[in-house]
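Heads up, model03.txt below (compact mmCIF, N, CA and C atoms):
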```txt
# COMPACT_ATOMS: atom_id res chain seq x y z
N MET M 1 0.84 -1.18 0.00
CA MET M 1 0.00 0.00 0.00
C MET M 1 0.88 1.24 0.00
N GLU M 2 0.49 2.18 -0.80
CA GLU M 2 1.10 3.50 -0.77
C GLU M 2 -0.02 4.53 -0.72
N TYR M 3 0.29 5.68 -0.13
CA TYR M 3 -0.73 6.72 -0.07
C TYR M 3 -0.08 8.09 -0.01
N ARG M 4 -0.89 9.09 -0.32
CA ARG M 4 -0.47 10.48 -0.24
C ARG M 4 -1.61 11.28 0.36
N LYS M 5 -1.26 12.16 1.30
CA LYS M 5 -2.25 13.03 1.93
C LYS M 5 -2.32 14.34 1.17
N MET M 6 -3.56 14.76 0.87
CA MET M 6 -3.82 16.04 0.20
C MET M 6 -4.93 16.73 0.96
N GLY M 7 -4.57 17.67 1.83
CA GLY M 7 -5.57 18.31 2.67
C GLY M 7 -6.13 17.29 3.65
N ASN M 8 -7.45 17.12 3.62
CA ASN M 8 -8.07 16.13 4.51
C ASN M 8 -8.39 14.81 3.80
N VAL M 9 -7.78 14.60 2.63
CA VAL M 9 -8.04 13.40 1.83
C VAL M 9 -6.75 12.61 1.63
N TYR M 10 -6.85 11.29 1.78
CA TYR M 10 -5.75 10.39 1.46
C TYR M 10 -6.09 9.67 0.16
N ALA M 11 -5.19 9.75 -0.82
CA ALA M 11 -5.29 8.93 -2.01
C ALA M 11 -4.49 7.67 -1.70
N VAL M 12 -5.13 6.52 -1.82
CA VAL M 12 -4.53 5.25 -1.39
C VAL M 12 -4.50 4.27 -2.56
N ARG M 13 -3.34 3.63 -2.75
CA ARG M 13 -3.23 2.54 -3.72
C ARG M 13 -2.89 1.27 -2.96
N ILE M 14 -3.74 0.27 -3.12
CA ILE M 14 -3.49 -1.04 -2.53
C ILE M 14 -3.06 -1.96 -3.66
N ASP M 15 -1.95 -2.66 -3.45
CA ASP M 15 -1.34 -3.44 -4.52
C ASP M 15 -1.77 -4.90 -4.52
N ARG M 16 -1.46 -5.55 -5.62
CA ARG M 16 -1.79 -6.96 -5.83
C ARG M 16 -1.31 -7.81 -4.64
N GLY M 17 -2.21 -8.68 -4.17
CA GLY M 17 -1.89 -9.57 -3.06
C GLY M 17 -2.19 -9.00 -1.70
N GLU M 18 -2.40 -7.69 -1.60
CA GLU M 18 -2.70 -7.07 -0.30
C GLU M 18 -4.19 -7.16 0.00
N GLU M 19 -4.51 -7.13 1.29
CA GLU M 19 -5.90 -7.24 1.73
C GLU M 19 -6.41 -5.86 2.13
N VAL M 20 -7.58 -5.50 1.62
CA VAL M 20 -8.13 -4.15 1.77
C VAL M 20 -8.32 -3.75 3.23
N LEU M 21 -9.00 -4.56 4.01
CA LEU M 21 -9.29 -4.18 5.40
C LEU M 21 -8.00 -4.02 6.22
N ALA M 22 -7.04 -4.90 5.99
CA ALA M 22 -5.77 -4.80 6.71
C ALA M 22 -5.06 -3.49 6.36
N CYS M 23 -5.05 -3.14 5.08
CA CYS M 23 -4.39 -1.90 4.66
C CYS M 23 -5.08 -0.67 5.22
N LEU M 24 -6.41 -0.64 5.17
CA LEU M 24 -7.12 0.52 5.70
C LEU M 24 -6.98 0.63 7.22
N SER M 25 -6.95 -0.49 7.92
CA SER M 25 -6.72 -0.46 9.36
C SER M 25 -5.34 0.09 9.67
N GLU M 26 -4.34 -0.34 8.90
CA GLU M 26 -2.98 0.16 9.07
C GLU M 26 -2.92 1.67 8.84
N LEU M 27 -3.58 2.14 7.78
CA LEU M 27 -3.61 3.57 7.49
C LEU M 27 -4.26 4.34 8.65
N ALA M 28 -5.41 3.86 9.12
CA ALA M 28 -6.13 4.54 10.20
C ALA M 28 -5.30 4.60 11.47
N GLU M 29 -4.58 3.53 11.79
CA GLU M 29 -3.72 3.51 12.98
C GLU M 29 -2.55 4.48 12.81
N LYS M 30 -1.84 4.34 11.69
CA LYS M 30 -0.64 5.14 11.46
C LYS M 30 -0.95 6.63 11.42
N GLU M 31 -2.05 7.01 10.78
CA GLU M 31 -2.41 8.41 10.61
C GLU M 31 -3.38 8.92 11.68
N LYS M 32 -3.72 8.06 12.63
CA LYS M 32 -4.61 8.42 13.73
C LYS M 32 -5.96 8.95 13.24
N ILE M 33 -6.53 8.26 12.26
CA ILE M 33 -7.82 8.65 11.69
C ILE M 33 -8.93 8.21 12.63
N GLU M 34 -9.78 9.17 13.03
CA GLU M 34 -10.90 8.91 13.93
C GLU M 34 -12.20 8.68 13.17
N THR M 35 -12.45 9.51 12.15
CA THR M 35 -13.70 9.45 11.40
C THR M 35 -13.41 9.78 9.94
N ALA M 36 -13.85 8.90 9.04
CA ALA M 36 -13.58 9.12 7.61
C ALA M 36 -14.58 8.36 6.77
N SER M 37 -14.73 8.81 5.53
CA SER M 37 -15.48 8.05 4.53
C SER M 37 -14.49 7.45 3.55
N VAL M 38 -14.89 6.34 2.93
CA VAL M 38 -14.03 5.60 2.00
C VAL M 38 -14.79 5.37 0.71
N GLU M 39 -14.11 5.59 -0.42
CA GLU M 39 -14.71 5.26 -1.71
C GLU M 39 -13.60 4.78 -2.63
N GLY M 40 -13.92 3.79 -3.47
CA GLY M 40 -12.88 3.29 -4.35
C GLY M 40 -13.37 2.30 -5.40
N ILE M 41 -12.41 1.92 -6.24
CA ILE M 41 -12.61 0.95 -7.32
C ILE M 41 -11.35 0.09 -7.41
N GLY M 42 -11.40 -0.95 -8.23
CA GLY M 42 -10.21 -1.76 -8.42
C GLY M 42 -10.51 -3.14 -8.95
N ALA M 43 -9.62 -4.08 -8.66
CA ALA M 43 -9.76 -5.46 -9.10
C ALA M 43 -9.30 -6.39 -7.98
N ALA M 44 -10.10 -7.41 -7.72
CA ALA M 44 -9.79 -8.38 -6.67
C ALA M 44 -9.79 -9.79 -7.25
N ASP M 45 -9.14 -10.71 -6.53
CA ASP M 45 -9.22 -12.11 -6.93
C ASP M 45 -9.83 -12.98 -5.84
N LEU M 46 -10.15 -12.37 -4.70
CA LEU M 46 -10.87 -13.06 -3.63
C LEU M 46 -11.65 -12.02 -2.84
N VAL M 47 -12.94 -12.26 -2.68
CA VAL M 47 -13.79 -11.36 -1.91
C VAL M 47 -14.71 -12.19 -1.03
N GLU M 48 -14.75 -11.84 0.24
CA GLU M 48 -15.74 -12.42 1.15
C GLU M 48 -16.67 -11.30 1.55
N MET M 49 -17.96 -11.50 1.27
CA MET M 49 -18.95 -10.47 1.59
C MET M 49 -20.15 -11.14 2.22
N GLY M 50 -20.95 -10.33 2.90
CA GLY M 50 -22.08 -10.91 3.59
C GLY M 50 -23.29 -10.01 3.63
N LEU M 51 -24.32 -10.59 4.18
CA LEU M 51 -25.59 -9.92 4.40
C LEU M 51 -25.93 -10.13 5.88
N TYR M 52 -26.29 -9.07 6.58
CA TYR M 52 -26.61 -9.18 8.00
C TYR M 52 -28.04 -9.66 8.17
N ASP M 53 -28.20 -10.74 8.87
CA ASP M 53 -29.51 -11.29 9.21
C ASP M 53 -29.89 -10.74 10.59
N VAL M 54 -30.80 -9.78 10.61
CA VAL M 54 -31.17 -9.11 11.87
C VAL M 54 -31.77 -10.11 12.86
N LYS M 55 -32.61 -11.01 12.37
CA LYS M 55 -33.26 -11.97 13.27
C LYS M 55 -32.23 -12.87 13.96
N ALA M 56 -31.27 -13.39 13.18
CA ALA M 56 -30.23 -14.26 13.73
C ALA M 56 -29.09 -13.46 14.36
N GLN M 57 -29.03 -12.17 14.07
CA GLN M 57 -27.97 -11.26 14.53
C GLN M 57 -26.58 -11.77 14.18
N LYS M 58 -26.43 -12.14 12.89
CA LYS M 58 -25.13 -12.56 12.39
C LYS M 58 -25.07 -12.35 10.89
N TYR M 59 -23.83 -12.27 10.40
CA TYR M 59 -23.61 -12.10 8.97
C TYR M 59 -23.63 -13.46 8.28
N MET M 60 -24.34 -13.54 7.18
CA MET M 60 -24.35 -14.71 6.32
C MET M 60 -23.34 -14.39 5.22
N SER M 61 -22.22 -15.10 5.20
CA SER M 61 -21.12 -14.75 4.31
C SER M 61 -20.94 -15.74 3.18
N GLY M 62 -20.38 -15.24 2.09
CA GLY M 62 -20.01 -16.07 0.96
C GLY M 62 -18.69 -15.58 0.40
N VAL M 63 -17.95 -16.48 -0.23
CA VAL M 63 -16.65 -16.15 -0.80
C VAL M 63 -16.69 -16.36 -2.31
N LYS M 64 -16.12 -15.41 -3.03
CA LYS M 64 -15.92 -15.54 -4.47
C LYS M 64 -14.42 -15.45 -4.70
N GLU M 65 -13.85 -16.50 -5.30
CA GLU M 65 -12.42 -16.51 -5.58
C GLU M 65 -12.24 -16.70 -7.08
N GLU M 66 -12.16 -15.58 -7.76
CA GLU M 66 -12.01 -15.52 -9.21
C GLU M 66 -11.70 -14.07 -9.56
N PRO M 67 -11.29 -13.79 -10.79
CA PRO M 67 -11.06 -12.39 -11.16
C PRO M 67 -12.36 -11.58 -11.05
N LEU M 68 -12.31 -10.49 -10.30
CA LEU M 68 -13.49 -9.65 -10.06
C LEU M 68 -13.12 -8.19 -10.21
N GLU M 69 -13.98 -7.46 -10.85
CA GLU M 69 -13.83 -6.01 -10.97
C GLU M 69 -14.55 -5.39 -9.78
N ILE M 70 -13.86 -4.57 -9.00
CA ILE M 70 -14.51 -3.84 -7.91
C ILE M 70 -15.14 -2.60 -8.53
N THR M 71 -16.46 -2.64 -8.70
CA THR M 71 -17.14 -1.52 -9.34
C THR M 71 -17.48 -0.42 -8.34
N SER M 72 -17.52 -0.80 -7.05
CA SER M 72 -17.77 0.19 -6.01
C SER M 72 -17.36 -0.37 -4.67
N LEU M 73 -16.64 0.44 -3.92
CA LEU M 73 -16.27 0.11 -2.54
C LEU M 73 -16.54 1.37 -1.74
N LEU M 74 -17.50 1.30 -0.83
CA LEU M 74 -17.94 2.47 -0.06
C LEU M 74 -18.05 2.14 1.41
N GLY M 75 -17.85 3.12 2.24
CA GLY M 75 -18.05 2.90 3.66
C GLY M 75 -17.43 3.97 4.52
N ASN M 76 -17.13 3.59 5.77
CA ASN M 76 -16.59 4.56 6.70
C ASN M 76 -15.60 3.92 7.66
N ILE M 77 -14.83 4.79 8.27
CA ILE M 77 -13.90 4.42 9.33
C ILE M 77 -14.30 5.22 10.56
N THR M 78 -14.51 4.52 11.66
CA THR M 78 -14.76 5.16 12.95
C THR M 78 -13.85 4.45 13.96
N ARG M 79 -14.16 4.57 15.23
CA ARG M 79 -13.37 3.91 16.27
C ARG M 79 -14.29 3.13 17.20
N SER M 80 -13.78 2.00 17.66
CA SER M 80 -14.47 1.20 18.67
C SER M 80 -13.40 0.67 19.61
N GLU M 81 -13.58 0.96 20.90
CA GLU M 81 -12.62 0.54 21.92
C GLU M 81 -11.20 0.98 21.57
N GLY M 82 -11.08 2.19 21.00
CA GLY M 82 -9.79 2.77 20.69
C GLY M 82 -9.13 2.28 19.42
N ARG M 83 -9.77 1.37 18.71
CA ARG M 83 -9.18 0.81 17.49
C ARG M 83 -10.02 1.18 16.27
N PRO M 84 -9.42 1.19 15.08
CA PRO M 84 -10.20 1.48 13.88
C PRO M 84 -11.33 0.47 13.69
N TYR M 85 -12.49 0.97 13.33
CA TYR M 85 -13.66 0.15 13.03
C TYR M 85 -14.04 0.46 11.59
N LEU M 86 -13.93 -0.52 10.72
CA LEU M 86 -14.22 -0.34 9.31
C LEU M 86 -15.59 -0.91 8.98
N HIS M 87 -16.44 -0.10 8.38
CA HIS M 87 -17.74 -0.56 7.91
C HIS M 87 -17.78 -0.27 6.42
N LEU M 88 -17.56 -1.32 5.62
CA LEU M 88 -17.44 -1.17 4.17
C LEU M 88 -18.40 -2.10 3.45
N HIS M 89 -18.92 -1.62 2.33
CA HIS M 89 -19.72 -2.44 1.43
C HIS M 89 -19.02 -2.45 0.08
N ILE M 90 -19.23 -3.55 -0.66
CA ILE M 90 -18.55 -3.73 -1.93
C ILE M 90 -19.52 -4.27 -2.97
N THR M 91 -19.32 -3.84 -4.20
CA THR M 91 -20.00 -4.42 -5.35
C THR M 91 -18.93 -4.84 -6.33
N VAL M 92 -19.02 -6.09 -6.79
CA VAL M 92 -18.04 -6.63 -7.73
C VAL M 92 -18.76 -7.22 -8.93
N ALA M 93 -18.04 -7.32 -10.04
CA ALA M 93 -18.59 -7.93 -11.26
C ALA M 93 -17.63 -9.02 -11.73
N ASP M 94 -18.21 -10.14 -12.19
CA ASP M 94 -17.39 -11.23 -12.72
C ASP M 94 -17.21 -11.06 -14.23
N GLN M 95 -16.54 -12.03 -14.86
CA GLN M 95 -16.24 -11.90 -16.29
C GLN M 95 -17.48 -11.90 -17.17
N ASP M 96 -18.61 -12.40 -16.64
CA ASP M 96 -19.86 -12.39 -17.39
C ASP M 96 -20.71 -11.17 -17.07
N HIS M 97 -20.13 -10.23 -16.33
CA HIS M 97 -20.77 -8.97 -15.95
C HIS M 97 -21.91 -9.16 -14.95
N HIS M 98 -21.91 -10.29 -14.25
CA HIS M 98 -22.86 -10.47 -13.15
C HIS M 98 -22.30 -9.72 -11.95
N THR M 99 -23.17 -9.01 -11.26
CA THR M 99 -22.71 -8.24 -10.10
C THR M 99 -23.18 -8.88 -8.81
N PHE M 100 -22.35 -8.71 -7.79
CA PHE M 100 -22.61 -9.23 -6.46
C PHE M 100 -22.18 -8.16 -5.47
N GLY M 101 -22.88 -8.08 -4.37
CA GLY M 101 -22.49 -7.07 -3.39
C GLY M 101 -22.88 -7.45 -1.99
N GLY M 102 -22.33 -6.70 -1.04
CA GLY M 102 -22.67 -6.91 0.35
C GLY M 102 -21.67 -6.25 1.27
N HIS M 103 -21.80 -6.59 2.54
CA HIS M 103 -20.89 -6.10 3.57
C HIS M 103 -19.53 -6.75 3.35
N LEU M 104 -18.47 -5.95 3.28
CA LEU M 104 -17.14 -6.47 3.00
C LEU M 104 -16.50 -7.06 4.25
N ASN M 105 -16.15 -8.34 4.18
CA ASN M 105 -15.43 -9.02 5.25
C ASN M 105 -13.95 -9.18 4.92
N ARG M 106 -13.64 -9.31 3.62
CA ARG M 106 -12.26 -9.53 3.21
C ARG M 106 -12.19 -9.35 1.70
N ALA M 107 -11.11 -8.73 1.23
CA ALA M 107 -10.88 -8.60 -0.21
C ALA M 107 -9.38 -8.59 -0.48
N ARG M 108 -8.93 -9.55 -1.26
CA ARG M 108 -7.53 -9.59 -1.68
C ARG M 108 -7.45 -9.01 -3.08
N ILE M 109 -6.55 -8.07 -3.25
CA ILE M 109 -6.44 -7.36 -4.52
C ILE M 109 -5.73 -8.23 -5.55
N GLY M 110 -6.34 -8.30 -6.73
CA GLY M 110 -5.79 -9.09 -7.83
C GLY M 110 -5.09 -8.24 -8.87
N GLY M 111 -5.34 -6.96 -8.88
CA GLY M 111 -4.71 -6.01 -9.80
C GLY M 111 -4.23 -4.81 -9.01
N THR M 112 -5.15 -3.90 -8.78
CA THR M 112 -4.89 -2.73 -7.94
C THR M 112 -6.21 -2.27 -7.35
N CYS M 113 -6.13 -1.43 -6.35
CA CYS M 113 -7.31 -0.82 -5.75
C CYS M 113 -6.96 0.64 -5.49
N GLU M 114 -7.81 1.53 -5.96
CA GLU M 114 -7.61 2.97 -5.80
C GLU M 114 -8.73 3.52 -4.92
N LEU M 115 -8.33 4.10 -3.80
CA LEU M 115 -9.29 4.59 -2.82
C LEU M 115 -9.02 6.04 -2.48
N PHE M 116 -10.09 6.73 -2.10
CA PHE M 116 -9.97 8.04 -1.49
C PHE M 116 -10.59 7.93 -0.10
N VAL M 117 -9.83 8.33 0.90
CA VAL M 117 -10.27 8.33 2.29
C VAL M 117 -10.37 9.79 2.72
N THR M 118 -11.58 10.24 2.97
CA THR M 118 -11.82 11.63 3.36
C THR M 118 -12.00 11.69 4.88
N VAL M 119 -11.13 12.43 5.53
CA VAL M 119 -11.12 12.53 6.99
C VAL M 119 -11.96 13.72 7.43
N TYR M 120 -12.75 13.50 8.49
CA TYR M 120 -13.61 14.55 9.04
C TYR M 120 -13.14 14.91 10.45
N ASP M 121 -13.36 16.17 10.82
CA ASP M 121 -13.05 16.62 12.18
C ASP M 121 -13.96 15.90 13.16
N GLY M 122 -13.44 15.62 14.33
CA GLY M 122 -14.24 14.98 15.38
C GLY M 122 -14.16 13.47 15.33
N ALA M 123 -14.76 12.87 16.31
CA ALA M 123 -14.73 11.41 16.42
C ALA M 123 -16.13 10.86 16.58
N ILE M 124 -16.36 9.73 15.93
CA ILE M 124 -17.60 8.97 16.09
C ILE M 124 -17.20 7.58 16.57
N GLY M 125 -17.79 7.17 17.67
CA GLY M 125 -17.52 5.84 18.19
C GLY M 125 -18.57 4.85 17.73
N ARG M 126 -18.61 3.71 18.39
CA ARG M 126 -19.58 2.65 18.10
C ARG M 126 -20.15 2.12 19.40
N LYS M 127 -21.43 1.72 19.35
CA LYS M 127 -22.06 1.06 20.50
C LYS M 127 -23.01 0.00 19.98
N LYS M 128 -23.10 -1.07 20.71
CA LYS M 128 -23.99 -2.17 20.34
C LYS M 128 -25.45 -1.73 20.53
N ASP M 129 -26.27 -1.98 19.51
CA ASP M 129 -27.69 -1.61 19.56
C ASP M 129 -28.45 -2.56 20.49
N THR M 130 -28.84 -2.02 21.63
CA THR M 130 -29.67 -2.80 22.56
C THR M 130 -31.09 -2.25 22.61
N GLU M 131 -31.31 -1.09 21.98
CA GLU M 131 -32.64 -0.46 22.03
C GLU M 131 -33.61 -1.08 21.05
N THR M 132 -33.19 -1.32 19.81
CA THR M 132 -34.12 -1.85 18.81
C THR M 132 -33.89 -3.34 18.54
N GLY M 133 -32.85 -3.90 19.13
CA GLY M 133 -32.65 -5.34 19.04
C GLY M 133 -31.97 -5.85 17.78
N THR M 134 -31.27 -4.97 17.05
CA THR M 134 -30.60 -5.44 15.84
C THR M 134 -29.29 -6.15 16.15
N GLY M 135 -28.63 -5.77 17.26
CA GLY M 135 -27.34 -6.33 17.59
C GLY M 135 -26.19 -5.70 16.82
N LEU M 136 -26.49 -4.70 16.00
CA LEU M 136 -25.47 -4.03 15.20
C LEU M 136 -24.66 -3.04 16.04
N ASN M 137 -23.43 -2.76 15.59
CA ASN M 137 -22.60 -1.74 16.22
C ASN M 137 -22.89 -0.41 15.53
N LEU M 138 -23.67 0.42 16.19
CA LEU M 138 -24.16 1.67 15.61
C LEU M 138 -23.23 2.83 15.93
N PHE M 139 -23.36 3.92 15.12
CA PHE M 139 -22.67 5.16 15.46
C PHE M 139 -23.01 5.56 16.89
N ALA M 140 -22.01 6.00 17.63
CA ALA M 140 -22.22 6.53 18.98
C ALA M 140 -21.75 7.97 18.98
N PHE M 141 -22.69 8.91 19.09
CA PHE M 141 -22.36 10.33 19.05
C PHE M 141 -22.12 10.89 20.42
```

I need this file expressed as structure tokens, please.
Amino acid sequence: MEYRKMGNVYAVRIDRGEEVLACLSELAEKEKIETASVEGIGAADLVEMGLYDVKAQKYMSGVKEEPLEITSLLGNITRSEGRPYLHLHITVADQDHHTFGGHLNRARIGGTCELFVTVYDGAIGRKKDTETGTGLNLFAF
């Protein structure tokens, strides 16, 4: 991974073989990022994504291990218990142009990944939702 800071934005390149969540966590730790949005595109050769089942309160995950175009990678970086908390969603397309998407659990880059991380003033934490019963880690203001 390489990156350059421009004002409150980091331009990030994640290279072949690197894992997206690991790289973004490293960036957030090294640069002390508290709150940010993430957007990007690229190419992966392994993606694990899921759908949150509110009733079961767990992610139903699936893995695709093949050449995939990352058509959209969106989400945010906040903090939970003092550590970076990444909440990212991904949409990918296979060679037949079928698209798949969901909550990003893991993505290994097969070509490159180009991201912009926009940092915001202030901090947003996380807290487990006990009020509505989703079990999700919600923004804590």

Around the point (-19.4, -1.7, 0.2) (coordinates from the file), which residues reach within 6.5 Å if we count only N, CA and C atoms? Answer as an mmCIF file with N, CA and C atoms, in the coordinates of the input.
```
data_model
loop_
_atom_site.group_PDB
_atom_site.id
_atom_site.type_symbol
_atom_site.label_atom_id
_atom_site.label_comp_id
_atom_site.auth_asym_id
_atom_site.auth_seq_id
_atom_site.Cartn_x
_atom_site.Cartn_y
_atom_site.Cartn_z
ATOM 1 N N SER M 72 -17.520 -0.800 -7.050
ATOM 2 C CA SER M 72 -17.770 0.190 -6.010
ATOM 3 C C SER M 72 -17.360 -0.370 -4.670
ATOM 4 N N LEU M 73 -16.640 0.440 -3.920
ATOM 5 C CA LEU M 73 -16.270 0.110 -2.540
ATOM 6 C C LEU M 73 -16.540 1.370 -1.740
ATOM 7 N N LEU M 74 -17.500 1.300 -0.830
ATOM 8 C CA LEU M 74 -17.940 2.470 -0.060
ATOM 9 C C LEU M 74 -18.050 2.140 1.410
ATOM 10 N N GLY M 75 -17.850 3.120 2.240
ATOM 11 C CA GLY M 75 -18.050 2.900 3.660
ATOM 12 C C GLY M 75 -17.430 3.970 4.520
ATOM 13 N N LEU M 88 -17.560 -1.320 5.620
ATOM 14 C CA LEU M 88 -17.440 -1.170 4.170
ATOM 15 C C LEU M 88 -18.400 -2.100 3.450
ATOM 16 N N HIS M 89 -18.920 -1.620 2.330
ATOM 17 C CA HIS M 89 -19.720 -2.440 1.430
ATOM 18 C C HIS M 89 -19.020 -2.450 0.080
ATOM 19 N N ILE M 90 -19.230 -3.550 -0.660
ATOM 20 C CA ILE M 90 -18.550 -3.730 -1.930
ATOM 21 C C ILE M 90 -19.520 -4.270 -2.970
ATOM 22 N N THR M 91 -19.320 -3.840 -4.200
ATOM 23 C CA THR M 91 -20.000 -4.420 -5.350
ATOM 24 C C THR M 91 -18.930 -4.840 -6.330
ATOM 25 N N GLY M 102 -22.330 -6.700 -1.040
ATOM 26 C CA GLY M 102 -22.670 -6.910 0.350
ATOM 27 C C GLY M 102 -21.670 -6.250 1.270
ATOM 28 N N HIS M 103 -21.800 -6.590 2.540
ATOM 29 C CA HIS M 103 -20.890 -6.100 3.570
ATOM 30 C C HIS M 103 -19.530 -6.750 3.350
ATOM 31 N N LEU M 104 -18.470 -5.950 3.280
ATOM 32 C CA LEU M 104 -17.140 -6.470 3.000
ATOM 33 C C LEU M 104 -16.500 -7.060 4.250
#
```

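Straight-line separation from atom C of M:Gly101 to atom CA of M:Met49: 6.1 Å.
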
- Message: Calculated over all atoms listed in the file, which of the candidates M:Leu68, M:Met1, M:Ile109, M:Leu115 has the smallest distance to M:Gly17?
- Response: M:Ile109

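Between atom CA of M:Lys30 and atom CA of M:Thr112 the separation is 21.4 Å.
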
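Using only C-alpha atoms for every distance, the candidate list M:Val9, M:Val38, M:Ala43, M:Leu27 yields M:Ala43 as the residue closest to M:Arg108.
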
- Give me, please, the distance in Å between atom C of M:Val47 and atom N of M:Asn105, quoted to one decimal. 6.6 Å

Using 4 Å of padding on each side, determine the axis-aligned box around all atoms of stretch 71-87 of chain M present in the file and give its centre and edge lengths in Å to one decimal, as AutoDock Vina command-line options.
```
--center_x -13.6 --center_y 1.3 --center_z 6.3 --size_x 16.9 --size_y 15.9 --size_z 39.3
```

- Message: Report as a ChimeraX atom specification all protein, DNA and RNA residues lying within 6.5 Å of M:Tyr120, evaluated on only N, CA and C atoms, omitting residues in the same chain fewer than 4 positions from it.
- Response: /M:35-37

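The residue that comes closest to M:Arg13, out of M:Lys55, M:Glu131, M:Gly122, M:Cys113 and on the basis of only N, CA and C atoms, is M:Cys113.
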
- Message: I need the residues of chain M that end up classed as strand (DSSP E) by DSSP on the backbone, written out as a VMD selection string.
- Response: chain M and resid 2 to 6 9 to 15 36 to 53 58 to 64 68 to 80 83 to 93 99 to 119 125 to 128 137 to 140

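Near (-1.7, 3.7, -3.8), the residues that fall inside 5 Å on the basis of all atoms listed in the file are Glu2, Tyr3, Val12, Arg13 and Ile14 of chain M.
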
- Message: So, with all atoms listed in the file as the atoms that count, which of M:Thr132, M:Glu69, M:Glu114, M:Lys127 lies closest to M:Asp45?
- Response: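 Among M:Thr132, M:Glu69, M:Glu114, M:Lys127, it is M:Glu69 that comes nearest to M:Asp45.
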
- Using only N, CA and C atoms: which of M:Ala22, M:Lys58, M:Asp121, M:Gly42 has the shortest distance to M:Gly135: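 Of M:Ala22, M:Lys58, M:Asp121, M:Gly42, the one nearest M:Gly135, counting only N, CA and C atoms, is M:Lys58.
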
From the DSSP assignment of the backbone, select every residue of chain M that is alpha helix (DSSP H), and format the answer as a compact mmCIF listing (two decimals) with N, CA and C atoms, in the coordinates of the input.
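Heads up, here's the output in selection_0.txt:
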```txt
# COMPACT_ATOMS: atom_id res chain seq x y z
N VAL M 20 -7.58 -5.50 1.62
CA VAL M 20 -8.13 -4.15 1.77
C VAL M 20 -8.32 -3.75 3.23
N LEU M 21 -9.00 -4.56 4.01
CA LEU M 21 -9.29 -4.18 5.40
C LEU M 21 -8.00 -4.02 6.22
N ALA M 22 -7.04 -4.90 5.99
CA ALA M 22 -5.77 -4.80 6.71
C ALA M 22 -5.06 -3.49 6.36
N CYS M 23 -5.05 -3.14 5.08
CA CYS M 23 -4.39 -1.90 4.66
C CYS M 23 -5.08 -0.67 5.22
N LEU M 24 -6.41 -0.64 5.17
CA LEU M 24 -7.12 0.52 5.70
C LEU M 24 -6.98 0.63 7.22
N SER M 25 -6.95 -0.49 7.92
CA SER M 25 -6.72 -0.46 9.36
C SER M 25 -5.34 0.09 9.67
N GLU M 26 -4.34 -0.34 8.90
CA GLU M 26 -2.98 0.16 9.07
C GLU M 26 -2.92 1.67 8.84
N LEU M 27 -3.58 2.14 7.78
CA LEU M 27 -3.61 3.57 7.49
C LEU M 27 -4.26 4.34 8.65
N ALA M 28 -5.41 3.86 9.12
CA ALA M 28 -6.13 4.54 10.20
C ALA M 28 -5.30 4.60 11.47
N GLU M 29 -4.58 3.53 11.79
CA GLU M 29 -3.72 3.51 12.98
C GLU M 29 -2.55 4.48 12.81
N LYS M 30 -1.84 4.34 11.69
CA LYS M 30 -0.64 5.14 11.46
C LYS M 30 -0.95 6.63 11.42
```

- Which residue of M:Ala11, M:Pro84, M:Thr130, M:Ala107 approaches M:Glu29 most closely, using all atoms listed in the file: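 Among the listed residues, the smallest separation from M:Glu29 belongs to M:Pro84.
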